[in-house]
file data.cif (mmCIF, C-alpha atoms and all ligand atoms)
data_protein
loop_
_atom_site.label_atom_id
_atom_site.label_comp_id
_atom_site.auth_asym_id
_atom_site.auth_seq_id
_atom_site.Cartn_x
_atom_site.Cartn_y
_atom_site.Cartn_z
CA MET A 1 0.00 0.00 0.00
CA TRP A 2 2.82 2.43 0.94
CA LEU A 3 4.58 1.58 -2.29
CA SER A 4 1.60 2.48 -4.45
CA PHE A 5 1.09 5.70 -2.43
CA LEU A 6 4.73 6.58 -3.10
CA ARG A 7 4.26 5.83 -6.80
CA TYR A 8 1.26 8.21 -6.95
CA CYS A 9 3.24 10.94 -5.18
CA ILE A 10 6.14 10.61 -7.63
CA LEU A 11 3.70 10.62 -10.58
CA ILE A 12 1.93 13.78 -9.34
CA PHE A 13 5.27 15.49 -8.66
CA GLY A 14 6.49 14.55 -12.15
CA VAL A 15 3.33 15.88 -13.85
CA LEU A 16 3.50 19.14 -11.87
CA THR A 17 7.18 19.57 -12.73
CA VAL A 18 6.45 19.20 -16.45
CA ILE A 19 3.52 21.64 -16.22
CA ARG A 20 5.72 24.16 -14.41
CA TRP A 21 8.47 23.78 -16.99
CA VAL A 22 5.97 24.45 -19.82
CA LEU A 23 4.50 27.43 -17.94
CA ARG A 24 7.98 28.89 -17.29
CA LYS A 25 8.71 28.80 -21.02
CA LYS A 26 5.44 30.65 -21.69
CA TRP A 27 6.04 33.22 -18.91
CA GLY A 28 9.24 34.53 -20.53
CA SER A 29 12.03 36.24 -18.63
CA VAL A 30 13.92 39.49 -18.38
CA ASP A 31 16.64 40.11 -20.97
CA LYS A 32 19.12 42.27 -19.04
CA THR A 33 21.26 42.78 -22.14
CA ASN A 34 18.42 44.65 -23.83
CA GLU A 35 17.59 47.13 -21.06
CA ILE A 36 18.04 50.88 -20.84
CA LYS A 37 20.52 51.69 -18.03
CA SER A 38 18.80 52.20 -14.69
CA LYS A 39 21.81 53.24 -12.60
CA GLY A 40 20.90 56.50 -10.85
CA LYS A 41 17.38 56.60 -12.35
CA ILE A 42 14.56 57.74 -10.06
CA VAL A 43 11.95 55.00 -9.84
CA LEU A 44 8.74 55.38 -7.83
CA ILE A 45 6.86 52.17 -6.94
CA THR A 46 3.49 52.27 -5.17
CA GLY A 47 2.81 49.37 -2.77
CA ALA A 48 6.49 48.37 -2.72
CA ASN A 49 6.42 46.82 0.75
CA THR A 50 5.29 43.38 -0.37
CA GLY A 51 4.47 41.10 -3.30
CA ILE A 52 5.26 42.16 -6.86
CA GLY A 53 6.12 45.73 -5.78
CA LYS A 54 8.79 44.55 -3.32
CA ALA A 55 10.27 42.11 -5.86
CA THR A 56 10.36 44.95 -8.42
CA ALA A 57 12.09 47.25 -5.92
CA LEU A 58 14.75 44.56 -5.29
CA GLU A 59 15.43 44.18 -9.02
CA PHE A 60 15.82 47.95 -9.45
CA ALA A 61 18.12 48.09 -6.40
CA LYS A 62 20.32 45.40 -7.99
CA ARG A 63 20.48 47.70 -11.04
CA ASP A 64 21.67 50.61 -8.81
CA ALA A 65 18.56 52.80 -9.22
CA ASN A 66 17.19 55.31 -6.70
CA ILE A 67 13.92 53.75 -5.58
CA ILE A 68 11.09 55.45 -3.75
CA LEU A 69 8.92 52.92 -1.93
CA ALA A 70 5.53 54.68 -1.74
CA CYS A 71 3.61 52.72 0.89
CA ARG A 72 0.65 53.34 3.16
CA ASP A 73 2.45 51.82 6.17
CA LEU A 74 5.99 53.18 6.69
CA GLU A 75 6.85 50.43 9.16
CA LYS A 76 6.14 47.77 6.51
CA ALA A 77 8.12 49.82 3.98
CA ARG A 78 11.14 49.85 6.31
CA GLU A 79 10.86 46.06 6.76
CA ALA A 80 10.99 45.74 2.97
CA VAL A 81 14.13 47.90 2.92
CA VAL A 82 15.79 45.56 5.48
CA TRP A 83 14.78 42.55 3.30
CA ILE A 84 16.22 44.19 0.16
CA ARG A 85 19.40 45.21 1.97
CA GLN A 86 20.01 41.57 2.94
CA LYS A 87 20.18 40.84 -0.79
CA THR A 88 22.00 43.83 -2.23
CA THR A 89 23.86 46.93 -1.06
CA LEU A 90 23.34 48.66 -4.40
CA GLY A 91 20.80 51.39 -5.10
CA GLN A 92 19.17 53.97 -2.87
CA LEU A 93 15.99 53.04 -1.01
CA ILE A 94 13.72 55.84 0.19
CA CYS A 95 10.43 55.22 2.02
CA MET A 96 7.57 57.70 1.63
CA GLN A 97 4.02 57.53 2.97
CA LEU A 98 1.20 57.22 0.42
CA ASP A 99 -2.33 56.00 1.07
CA LEU A 100 -4.16 55.70 -2.24
CA SER A 101 -7.51 55.44 -0.47
CA SER A 102 -7.24 59.14 0.43
CA LEU A 103 -6.96 61.81 -2.27
CA GLN A 104 -5.53 64.18 0.37
CA SER A 105 -2.76 61.66 1.10
CA VAL A 106 -1.99 61.47 -2.65
CA ARG A 107 -1.81 65.28 -2.80
CA ASN A 108 0.44 65.45 0.29
CA PHE A 109 2.70 62.75 -1.14
CA CYS A 110 3.10 64.56 -4.48
CA LYS A 111 3.82 67.87 -2.72
CA GLU A 112 6.55 66.22 -0.64
CA PHE A 113 7.93 64.36 -3.67
CA ARG A 114 8.12 67.55 -5.74
CA SER A 115 9.83 69.43 -2.90
CA LYS A 116 12.57 66.76 -2.93
CA TYR A 117 12.83 65.76 -6.60
CA ASP A 118 12.45 67.60 -9.85
CA ARG A 119 12.81 64.43 -11.95
CA LEU A 120 11.03 61.07 -12.17
CA ASP A 121 12.24 58.50 -14.67
CA ILE A 122 9.86 55.60 -14.04
CA LEU A 123 6.51 55.63 -12.24
CA ILE A 124 5.17 52.16 -11.42
CA ASN A 125 1.48 52.17 -10.46
CA ASN A 126 1.61 48.80 -8.70
CA ALA A 127 -0.44 49.00 -5.48
CA GLY A 128 -3.81 47.34 -5.56
CA LEU A 129 -6.35 45.47 -3.52
CA MET A 130 -9.19 43.03 -4.01
CA VAL A 131 -11.87 42.24 -1.47
CA PRO A 132 -13.27 38.79 -2.35
CA THR A 133 -16.91 38.77 -3.45
CA TYR A 134 -18.16 36.73 -0.49
CA SER A 135 -16.70 39.08 2.15
CA TYR A 136 -17.34 42.32 0.25
CA ASP A 137 -19.45 44.86 2.11
CA ARG A 138 -19.35 47.85 -0.26
CA GLN A 139 -16.26 49.34 1.42
CA LYS A 140 -15.47 52.98 0.55
CA THR A 141 -12.37 55.14 0.45
CA ALA A 142 -11.92 58.21 2.67
CA ASP A 143 -13.48 60.27 -0.15
CA GLY A 144 -16.54 58.02 -0.45
CA HIS A 145 -15.54 56.16 -3.63
CA GLU A 146 -16.02 52.43 -4.09
CA VAL A 147 -12.81 50.93 -2.66
CA HIS A 148 -11.52 49.10 -5.78
CA PHE A 149 -12.29 52.00 -8.11
CA GLY A 150 -10.94 54.50 -5.57
CA VAL A 151 -7.64 52.81 -4.63
CA ASN A 152 -6.73 50.90 -7.79
CA HIS A 153 -7.83 53.55 -10.30
CA LEU A 154 -8.60 57.03 -8.87
CA GLY A 155 -5.61 57.12 -6.48
CA HIS A 156 -3.17 56.28 -9.29
CA PHE A 157 -5.01 58.60 -11.70
CA LEU A 158 -4.45 61.58 -9.40
CA LEU A 159 -0.90 60.51 -8.49
CA THR A 160 0.18 60.26 -12.13
CA ASN A 161 -1.41 63.57 -13.07
CA LEU A 162 0.31 65.37 -10.19
CA LEU A 163 3.70 63.89 -11.18
CA LEU A 164 3.62 64.78 -14.88
CA GLU A 165 6.06 67.69 -14.50
CA PRO A 166 8.92 65.59 -13.02
CA LEU A 167 8.14 62.86 -15.59
CA LYS A 168 8.37 65.41 -18.41
CA ALA A 169 11.63 66.74 -16.96
CA SER A 170 13.21 63.26 -17.27
CA ALA A 171 11.84 62.37 -20.71
CA PRO A 172 12.19 59.81 -22.15
CA SER A 173 10.37 58.49 -19.08
CA ARG A 174 7.80 55.75 -18.49
CA VAL A 175 4.54 55.20 -16.62
CA VAL A 176 3.90 51.50 -15.97
CA THR A 177 0.46 50.50 -14.65
CA LEU A 178 -0.42 47.05 -13.30
CA SER A 179 -3.76 45.93 -14.67
CA SER A 180 -4.76 42.25 -14.77
CA MET A 181 -6.23 39.63 -17.06
CA ALA A 182 -9.37 40.29 -14.99
CA HIS A 183 -9.79 43.58 -16.92
CA SER A 184 -11.34 41.52 -19.72
CA TRP A 185 -14.28 40.63 -17.43
CA GLY A 186 -14.77 44.24 -16.32
CA THR A 187 -17.25 46.86 -17.45
CA ILE A 188 -17.41 50.61 -16.91
CA ASP A 189 -20.92 51.88 -16.19
CA PHE A 190 -20.60 55.65 -16.67
CA ASP A 191 -23.93 56.20 -14.90
CA ASP A 192 -22.65 54.31 -11.86
CA LEU A 193 -18.85 54.72 -11.68
CA ASN A 194 -18.84 53.98 -7.96
CA CYS A 195 -20.74 50.75 -8.65
CA GLU A 196 -23.47 51.55 -6.13
CA LYS A 197 -26.18 49.90 -8.22
CA THR A 198 -24.00 47.08 -9.60
CA LYS A 199 -25.03 43.62 -8.42
CA ILE A 200 -22.04 41.77 -6.94
CA LYS A 201 -22.13 38.50 -8.85
CA GLY A 202 -18.52 37.51 -9.37
CA THR A 203 -16.75 34.22 -9.36
CA LEU A 204 -15.90 32.83 -5.94
CA LEU A 205 -12.51 34.51 -5.93
CA ILE A 206 -12.60 37.49 -8.30
CA ASN A 207 -14.77 40.42 -7.25
CA PRO A 208 -16.34 41.96 -10.41
CA LEU A 209 -15.63 45.41 -8.99
CA TYR A 210 -11.91 44.50 -8.94
CA SER A 211 -12.20 43.54 -12.63
CA ASN A 212 -13.87 46.90 -13.33
CA SER A 213 -11.01 48.75 -11.60
CA LYS A 214 -8.42 46.79 -13.62
CA LEU A 215 -10.28 47.73 -16.83
CA ALA A 216 -10.12 51.34 -15.61
CA ASN A 217 -6.30 50.92 -15.18
CA ALA A 218 -6.00 49.70 -18.78
CA LEU A 219 -8.21 52.50 -20.20
CA PHE A 220 -6.27 55.07 -18.14
CA SER A 221 -2.91 53.93 -19.56
CA LYS A 222 -4.29 54.10 -23.11
CA GLU A 223 -5.74 57.61 -22.74
CA LEU A 224 -2.64 58.84 -20.87
CA SER A 225 -0.50 57.80 -23.83
CA LYS A 226 -2.70 59.88 -26.17
CA ARG A 227 -2.58 62.93 -23.95
CA LEU A 228 1.20 62.69 -23.59
CA GLN A 229 2.02 62.43 -27.28
CA GLY A 230 5.11 64.49 -28.06
CA THR A 231 6.22 64.77 -24.41
CA GLY A 232 8.59 61.77 -24.41
CA ILE A 233 6.61 60.04 -21.64
CA ARG A 234 5.56 56.51 -22.65
CA THR A 235 2.84 54.45 -20.97
CA TYR A 236 2.45 50.69 -20.57
CA ALA A 237 -0.27 48.57 -18.90
CA LEU A 238 0.35 44.95 -18.03
CA CYS A 239 -0.85 41.77 -16.38
CA PRO A 240 1.87 40.25 -14.17
CA GLY A 241 0.29 36.78 -14.42
CA MET A 242 -1.03 34.76 -11.50
CA VAL A 243 1.48 35.47 -8.77
CA MET A 244 1.89 33.99 -5.28
CA THR A 245 1.69 37.13 -3.11
CA ASP A 246 -0.29 38.50 -0.16
CA PHE A 247 -3.07 39.36 -2.60
CA GLY A 248 -5.51 36.97 -0.90
CA ARG A 249 -5.06 38.68 2.47
CA ASN A 250 -8.69 39.85 2.55
CA MET A 251 -10.01 36.30 2.27
CA LYS A 252 -11.80 34.95 5.30
CA GLY A 253 -13.64 31.85 6.45
CA PRO A 254 -13.71 28.47 4.68
CA MET A 255 -11.91 29.76 1.56
CA ILE A 256 -8.73 30.25 3.64
CA TRP A 257 -8.90 26.59 4.72
CA VAL A 258 -9.44 25.35 1.18
CA LEU A 259 -6.57 27.49 -0.11
CA SER A 260 -4.15 26.46 2.61
CA ILE A 261 -4.83 22.76 1.90
CA ILE A 262 -4.15 23.14 -1.83
CA SER A 263 -1.47 25.79 -1.31
CA PRO A 264 1.54 23.48 -2.03
CA ILE A 265 0.09 22.71 -5.48
CA ILE A 266 -0.88 26.37 -6.09
CA GLN A 267 2.66 27.49 -5.17
CA PHE A 268 4.03 25.10 -7.71
CA LEU A 269 1.89 26.47 -10.55
CA LEU A 270 1.84 30.20 -9.82
CA LYS A 271 4.60 32.69 -10.52
CA SER A 272 6.89 33.74 -7.70
CA PRO A 273 6.90 37.51 -6.95
CA LYS A 274 10.21 37.74 -8.84
CA GLU A 275 8.64 36.05 -11.88
CA GLY A 276 5.62 38.36 -11.48
CA ALA A 277 7.94 41.38 -11.52
CA ALA A 278 9.51 40.31 -14.84
CA THR A 279 6.90 41.96 -17.08
CA VAL A 280 7.01 45.09 -14.89
CA LEU A 281 10.78 45.28 -15.52
CA TYR A 282 10.24 44.56 -19.20
CA CYS A 283 7.81 47.51 -19.51
CA SER A 284 10.04 49.76 -17.40
CA LEU A 285 13.36 49.05 -19.09
CA SER A 286 13.19 47.11 -22.35
CA LYS A 287 14.76 48.86 -25.33
CA ASN A 288 12.17 47.07 -27.52
CA LEU A 289 9.48 49.43 -26.16
CA ILE A 290 11.23 52.76 -26.74
CA ASN A 291 8.84 53.63 -29.57
CA GLU A 292 5.69 52.03 -28.12
CA SER A 293 3.09 53.62 -25.88
CA GLY A 294 -0.46 52.94 -24.71
CA GLU A 295 -0.28 49.17 -25.31
CA MET A 296 -0.79 46.15 -23.01
CA TYR A 297 1.79 43.49 -22.10
CA GLN A 298 2.05 40.09 -20.44
CA ASN A 299 4.73 37.41 -20.09
CA CYS A 300 7.53 39.84 -21.08
CA GLY A 301 5.96 40.62 -24.45
CA LYS A 302 3.09 42.39 -26.18
CA TRP A 303 -0.34 41.07 -25.20
CA ASP A 304 -2.13 39.64 -28.23
CA PRO A 305 -5.15 42.00 -28.61
CA ASN A 306 -7.26 39.04 -29.83
CA SER A 307 -6.90 37.29 -26.47
CA ARG A 308 -8.31 40.17 -24.42
CA ILE A 309 -11.11 42.72 -24.45
CA GLN A 310 -10.75 45.59 -26.95
CA LEU A 311 -10.26 48.95 -25.26
CA LYS A 312 -12.49 51.58 -26.85
CA ASP A 313 -11.05 55.07 -27.43
CA GLU A 314 -14.33 56.73 -26.48
CA ASP A 315 -14.50 54.82 -23.16
CA ALA A 316 -10.89 55.76 -22.35
CA LYS A 317 -11.59 59.44 -23.06
CA ARG A 318 -14.84 59.50 -21.09
CA LEU A 319 -13.35 57.68 -18.11
CA TRP A 320 -10.52 60.22 -18.05
CA GLU A 321 -12.95 63.16 -18.05
CA GLU A 322 -15.18 61.64 -15.34
CA SER A 323 -12.16 60.67 -13.19
CA ALA A 324 -10.74 64.19 -13.47
CA LYS A 325 -14.04 65.56 -12.11
CA LEU A 326 -14.10 63.02 -9.26
CA VAL A 327 -10.55 63.85 -8.07
CA GLY A 328 -11.00 67.59 -8.59
CA LEU A 329 -8.53 68.16 -11.44
N1 LIG B 401 -0.94 38.57 -7.52
C1 LIG B 401 -1.55 38.35 -8.68
O1 LIG B 401 -1.78 37.18 -9.08
C2 LIG B 401 -1.96 39.51 -9.56
C3 LIG B 401 -2.58 39.20 -10.78
C4 LIG B 401 -2.95 40.25 -11.63
C5 LIG B 401 -2.71 41.57 -11.25
N2 LIG B 401 -2.12 41.84 -10.04
C6 LIG B 401 -1.88 43.25 -9.69
O2 LIG B 401 -0.54 43.43 -9.27
C7 LIG B 401 -0.48 44.49 -8.31
C8 LIG B 401 0.34 44.04 -7.11
O3 LIG B 401 -0.32 42.93 -6.53
P1 LIG B 401 0.37 41.93 -5.50
O4 LIG B 401 -0.05 40.58 -5.90
O5 LIG B 401 1.78 42.25 -5.29
O6 LIG B 401 -0.49 42.29 -4.19
P2 LIG B 401 -0.09 42.43 -2.65
O7 LIG B 401 0.99 41.47 -2.29
O8 LIG B 401 -1.38 42.36 -1.93
O9 LIG B 401 0.49 43.92 -2.59
C9 LIG B 401 -0.37 45.01 -2.81
C10 LIG B 401 0.31 46.28 -2.37
O10 LIG B 401 -0.63 47.34 -2.55
C11 LIG B 401 -0.65 48.09 -1.34
N3 LIG B 401 -1.90 48.81 -1.11
C12 LIG B 401 -3.14 48.31 -0.95
N4 LIG B 401 -3.99 49.29 -0.68
C13 LIG B 401 -3.28 50.44 -0.67
C14 LIG B 401 -3.57 51.81 -0.42
N5 LIG B 401 -4.80 52.21 -0.06
N6 LIG B 401 -2.58 52.72 -0.51
C15 LIG B 401 -1.33 52.34 -0.81
N7 LIG B 401 -0.97 51.08 -1.03
C16 LIG B 401 -1.94 50.14 -0.96
C17 LIG B 401 -0.41 47.07 -0.25
O11 LIG B 401 -0.05 47.71 0.96
P3 LIG B 401 -0.30 46.99 2.39
O12 LIG B 401 0.72 45.89 2.51
O13 LIG B 401 -0.11 48.07 3.39
O14 LIG B 401 -1.71 46.46 2.37
C18 LIG B 401 0.71 46.28 -0.89
O15 LIG B 401 1.92 46.95 -0.74
C19 LIG B 401 -1.91 44.87 -7.99
O16 LIG B 401 -2.25 46.04 -8.70
C20 LIG B 401 -2.74 43.70 -8.52
O17 LIG B 401 -4.03 44.11 -8.95
C21 LIG B 401 -1.73 40.84 -9.19
#
call {"tool": "encode", "arguments": {"input": "data.cif", "output": "structure tokens"}}
result
Amino acid sequence: MWLSFLRYCILIFGVLTVIRWVLRKKWGSVDKTNEIKSKGKIVLITGANTGIGKATALEFAKRDANIILACRDLEKAREAVVWIRQKTTLGQLICMQLDLSSLQSVRNFCKEFRSKYDRLDILINNAGLMVPTYSYDRQKTADGHEVHFGVNHLGHFLLTNLLLEPLKASAPSRVVTLSSMAHSWGTIDFDDLNCEKTKIKGTLLINPLYSNSKLANALFSKELSKRLQGTGIRTYALCPGMVMTDFGRNMKGPMIWVLSIISPIIQFLLKSPKEGAATVLYCSLSKNLINESGEMYQNCGKWDPNSRIQLKDEDAKRLWEESAKLVGL
């Protein structure tokens, strides 16, 4: 009996190893020989204290960049700095407080940033949250916006707009925004941007309002590119893939138990944070993208437009105008 159990274990391990090998090939990897130099560049990463943001900060530190970790909790940001410093002594690491769920906090952050820096080479709009459908209780930001729309989209919308001057001063510069494959399941209801009337009928894990906010990220990046034509600032939106991070932190109840039981298998099949950061680095640094702007990327390459939702110009323009009104621009 033990022998057949052992055989099954070896078989499962073998199958998972092959699947992971195939997935790794598909995920692509960073080509350091084809990157613009990042030594001394000023790179701002939102939500850099954990997950993909922290892994991205580490990779930029290894490349000797000056990294600003824009985090809502400075204590967690400092812990990330200690973690990065255990791995490299290169680069500068600066922690600054930014809570994207408060437009006042975004304004304060940008004021402080601009008093210290007159340049910004790469802005990475990474921070994000998702409250799972089953524990969602129509949470709002400090300004009364639906929490996914407010944090994931409006916070980054205002942040980027208030940092355009330092981005222009460092042109050619880049704005990299983390969307998700979930953007394809999203919709933007212009009569109900805060999703007050929307029925919450998502899959067990993905909240439809998260998908809507990720569609907003993609539309924002597209419209930003149009508005910045001729300035030397390029914009890129991407899906990092399915990455093993703290992203499920808001899950509660039985789902946590189910996930922890299958977690060894999930870990085997999902990207590590470093693998998740690869497309972020590709969009931030690849020489291949010098003449591209407003497009979407995944797995260290262009995202085939036929395998995702088409982004409409008129939706991107309207969302920009409505967002500007909501944040008071
Ligand atoms: N993981 C995936 O499979 C996956 C897939 C597709 C797209 N993405 C996107 O990738 C990005 C990074 O995700 P991740 O997996 O690295 O998630 P994560 O580990 O949960 O990290 C999210 C980061 O966002 C920060 N954040 C949340 N709310 C914030 C707020 N109000 N103000 C400032 N920062 C805030 C968090 O700060 P705290 O630690 O203080 O909460 C944390 O630093 C997100 O935009 C996500 O939508 C992830």
call {"tool": "closest_residue", "arguments": {"input": "data.cif", "among": "A:Lys214, A:Lys325, A:Arg249, A:Lys140", "to": "Leu311 (chain A)", "atoms": "all atoms listed in the file"}}
result
A:Lys214
call {"tool": "residues_near_ligand", "arguments": {"input": "data.cif", "ligand": "ligand LIG 401 (chain B)", "cutoff": "6 Å", "atoms": "only C-alpha atoms and all ligand atoms", "output": "PDB file with C-alpha atoms, keeping the file's coordinate frame"}}
result
ATOM      1  CA  GLY A  47       2.810  49.370  -2.770  1.00  0.00           C
ATOM      2  CA  ALA A  48       6.490  48.370  -2.720  1.00  0.00           C
ATOM      3  CA  ASN A  49       6.420  46.820   0.750  1.00  0.00           C
ATOM      4  CA  THR A  50       5.290  43.380  -0.370  1.00  0.00           C
ATOM      5  CA  GLY A  51       4.470  41.100  -3.300  1.00  0.00           C
ATOM      6  CA  ILE A  52       5.260  42.160  -6.860  1.00  0.00           C
ATOM      7  CA  GLY A  53       6.120  45.730  -5.780  1.00  0.00           C
ATOM      8  CA  CYS A  71       3.610  52.720   0.890  1.00  0.00           C
ATOM      9  CA  ARG A  72       0.650  53.340   3.160  1.00  0.00           C
ATOM     10  CA  ASP A  73       2.450  51.820   6.170  1.00  0.00           C
ATOM     11  CA  LEU A  98       1.200  57.220   0.420  1.00  0.00           C
ATOM     12  CA  ASP A  99      -2.330  56.000   1.070  1.00  0.00           C
ATOM     13  CA  LEU A 100      -4.160  55.700  -2.240  1.00  0.00           C
ATOM     14  CA  SER A 101      -7.510  55.440  -0.470  1.00  0.00           C
ATOM     15  CA  ASN A 126       1.610  48.800  -8.700  1.00  0.00           C
ATOM     16  CA  ALA A 127      -0.440  49.000  -5.480  1.00  0.00           C
ATOM     17  CA  GLY A 128      -3.810  47.340  -5.560  1.00  0.00           C
ATOM     18  CA  LEU A 129      -6.350  45.470  -3.520  1.00  0.00           C
ATOM     19  CA  VAL A 151      -7.640  52.810  -4.630  1.00  0.00           C
ATOM     20  CA  LEU A 178      -0.420  47.050 -13.300  1.00  0.00           C
ATOM     21  CA  SER A 179      -3.760  45.930 -14.670  1.00  0.00           C
ATOM     22  CA  SER A 180      -4.760  42.250 -14.770  1.00  0.00           C
ATOM     23  CA  CYS A 239      -0.850  41.770 -16.380  1.00  0.00           C
ATOM     24  CA  PRO A 240       1.870  40.250 -14.170  1.00  0.00           C
ATOM     25  CA  GLY A 241       0.290  36.780 -14.420  1.00  0.00           C
ATOM     26  CA  MET A 242      -1.030  34.760 -11.500  1.00  0.00           C
ATOM     27  CA  VAL A 243       1.480  35.470  -8.770  1.00  0.00           C
ATOM     28  CA  MET A 244       1.890  33.990  -5.280  1.00  0.00           C
ATOM     29  CA  THR A 245       1.690  37.130  -3.110  1.00  0.00           C
ATOM     30  CA  ASP A 246      -0.290  38.500  -0.160  1.00  0.00           C
ATOM     31  CA  PHE A 247      -3.070  39.360  -2.600  1.00  0.00           C
TER      32      PHE A 247
END
call {"tool": "atom_distance", "arguments": {"input": "data.cif", "atom1": "CA of Ala237 (chain A)", "atom2": "CA of Leu90 (chain A)"}}
result
27.7 Å
call {"tool": "residues_around", "arguments": {"input": "data.cif", "residues": "Arg24 (chain A)", "least_positions_apart": "2", "cutoff": "10 Å", "atoms": "only C-alpha atoms", "output": "list in words"}}
result
Val18, Ile19, Arg20, Trp21, Val22, Lys26, Trp27, Gly28, Ser29, Leu269, Leu270, Lys271, Glu275 and Asn299 of chain A
call {"tool": "closest_residue", "arguments": {"input": "data.cif", "among": "A:Lys87, A:Lys199, A:Lys317, A:Arg174", "to": "Lys287 (chain A)", "atoms": "only C-alpha atoms"}}
result
A:Arg174
call {"tool": "residues_around", "arguments": {"input": "data.cif", "residues": "Arg318 (chain A)", "least_positions_apart": "3", "cutoff": "12 Å", "atoms": "all atoms listed in the file", "output": "VMD selection string"}}
result
chain A and resid 188 to 191 193 216 219 to 220 223 312 to 315 321 to 325
call {"tool": "residues_around", "arguments": {"input": "data.cif", "residues": "Glu75 (chain A)", "least_positions_apart": "5", "cutoff": "12 Å", "atoms": "all atoms listed in the file", "output": "PyMOL selection string"}}
result
chain A and resi 49-50+69-70+80-82+95-97
call {"tool": "write_last_selection", "arguments": {"input": "data.cif", "atoms": "C-alpha atoms", "output": "PDB file, in the frame of the given file"}}
result
ATOM      1  CA  ASN A  49       6.420  46.820   0.750  1.00  0.00           C
ATOM      2  CA  THR A  50       5.290  43.380  -0.370  1.00  0.00           C
ATOM      3  CA  LEU A  69       8.920  52.920  -1.930  1.00  0.00           C
ATOM      4  CA  ALA A  70       5.530  54.680  -1.740  1.00  0.00           C
ATOM      5  CA  ALA A  80      10.990  45.740   2.970  1.00  0.00           C
ATOM      6  CA  VAL A  81      14.130  47.900   2.920  1.00  0.00           C
ATOM      7  CA  VAL A  82      15.790  45.560   5.480  1.00  0.00           C
ATOM      8  CA  CYS A  95      10.430  55.220   2.020  1.00  0.00           C
ATOM      9  CA  MET A  96       7.570  57.700   1.630  1.00  0.00           C
ATOM     10  CA  GLN A  97       4.020  57.530   2.970  1.00  0.00           C
TER      11      GLN A  97
END
call {"tool": "closest_residue", "arguments": {"input": "data.cif", "among": "A:Val131, A:Ile10, A:Cys110, A:Ile68", "to": "Glu165 (chain A)", "atoms": "only C-alpha atoms"}}
result
A:Cys110
call {"tool": "residues_near_point", "arguments": {"input": "data.cif", "point": "(-7.6, 59.6, 1.7)", "cutoff": "10 Å", "atoms": "all atoms listed in the file", "output": "PyMOL selection string"}}
result
chain A and resi 98-107+141-144+150-151+155
call {"tool": "residues_near_point", "arguments": {"input": "data.cif", "point": "(10.4, 66.4, -12.1)", "cutoff": "10 Å", "atoms": "all atoms listed in the file", "output": "list in words"}}
result
Ile42, Phe113, Arg114, Ser115, Lys116, Tyr117, Asp118, Arg119, Leu120, Asp121, Leu163, Leu164, Glu165, Pro166, Leu167, Lys168, Ala169, Ser170 and Ala171 of chain A
call {"tool": "atom_distance", "arguments": {"input": "data.cif", "atom1": "CA of Gln298 (chain A)", "atom2": "CA of Gly276 (chain A)"}}
result
9.8 Å
call {"tool": "atom_distance", "arguments": {"input": "data.cif", "atom1": "CA of Gly230 (chain A)", "atom2": "CA of Ile124 (chain A)"}}
result
20.7 Å
call {"tool": "closest_residue", "arguments": {"input": "data.cif", "among": "A:Asn161, A:Ser173, A:Asn207, A:Ser184", "to": "Arg138 (chain A)", "atoms": "only C-alpha atoms"}}
result
A:Asn207
call {"tool": "closest_residue", "arguments": {"input": "data.cif", "among": "A:Ile266, A:Ala182, A:Ile206, A:Val176", "to": "Gly294 (chain A)", "atoms": "only C-alpha atoms"}}
result
A:Val176
call {"tool": "decode", "arguments": {"input": "data.cif", "residues": "region 19-49 of chain A", "atoms": "C-alpha atoms", "output": "compact mmCIF listing (two decimals), in the first residue's frame"}}
result
# COMPACT_ATOMS: atom_id res chain seq x y z
CA ILE A 19 3.52 21.64 -16.22
CA ARG A 20 5.72 24.16 -14.41
CA TRP A 21 8.47 23.78 -16.99
CA VAL A 22 5.97 24.45 -19.82
CA LEU A 23 4.50 27.43 -17.94
CA ARG A 24 7.98 28.89 -17.29
CA LYS A 25 8.71 28.80 -21.02
CA LYS A 26 5.44 30.65 -21.69
CA TRP A 27 6.04 33.22 -18.91
CA GLY A 28 9.24 34.53 -20.53
CA SER A 29 12.03 36.24 -18.63
CA VAL A 30 13.92 39.49 -18.38
CA ASP A 31 16.64 40.11 -20.97
CA LYS A 32 19.12 42.27 -19.04
CA THR A 33 21.26 42.78 -22.14
CA ASN A 34 18.42 44.65 -23.83
CA GLU A 35 17.59 47.13 -21.06
CA ILE A 36 18.04 50.88 -20.84
CA LYS A 37 20.52 51.69 -18.03
CA SER A 38 18.80 52.20 -14.69
CA LYS A 39 21.81 53.24 -12.60
CA GLY A 40 20.90 56.50 -10.85
CA LYS A 41 17.38 56.60 -12.35
CA ILE A 42 14.56 57.74 -10.06
CA VAL A 43 11.95 55.00 -9.84
CA LEU A 44 8.74 55.38 -7.83
CA ILE A 45 6.86 52.17 -6.94
CA THR A 46 3.49 52.27 -5.17
CA GLY A 47 2.81 49.37 -2.77
CA ALA A 48 6.49 48.37 -2.72
CA ASN A 49 6.42 46.82 0.75
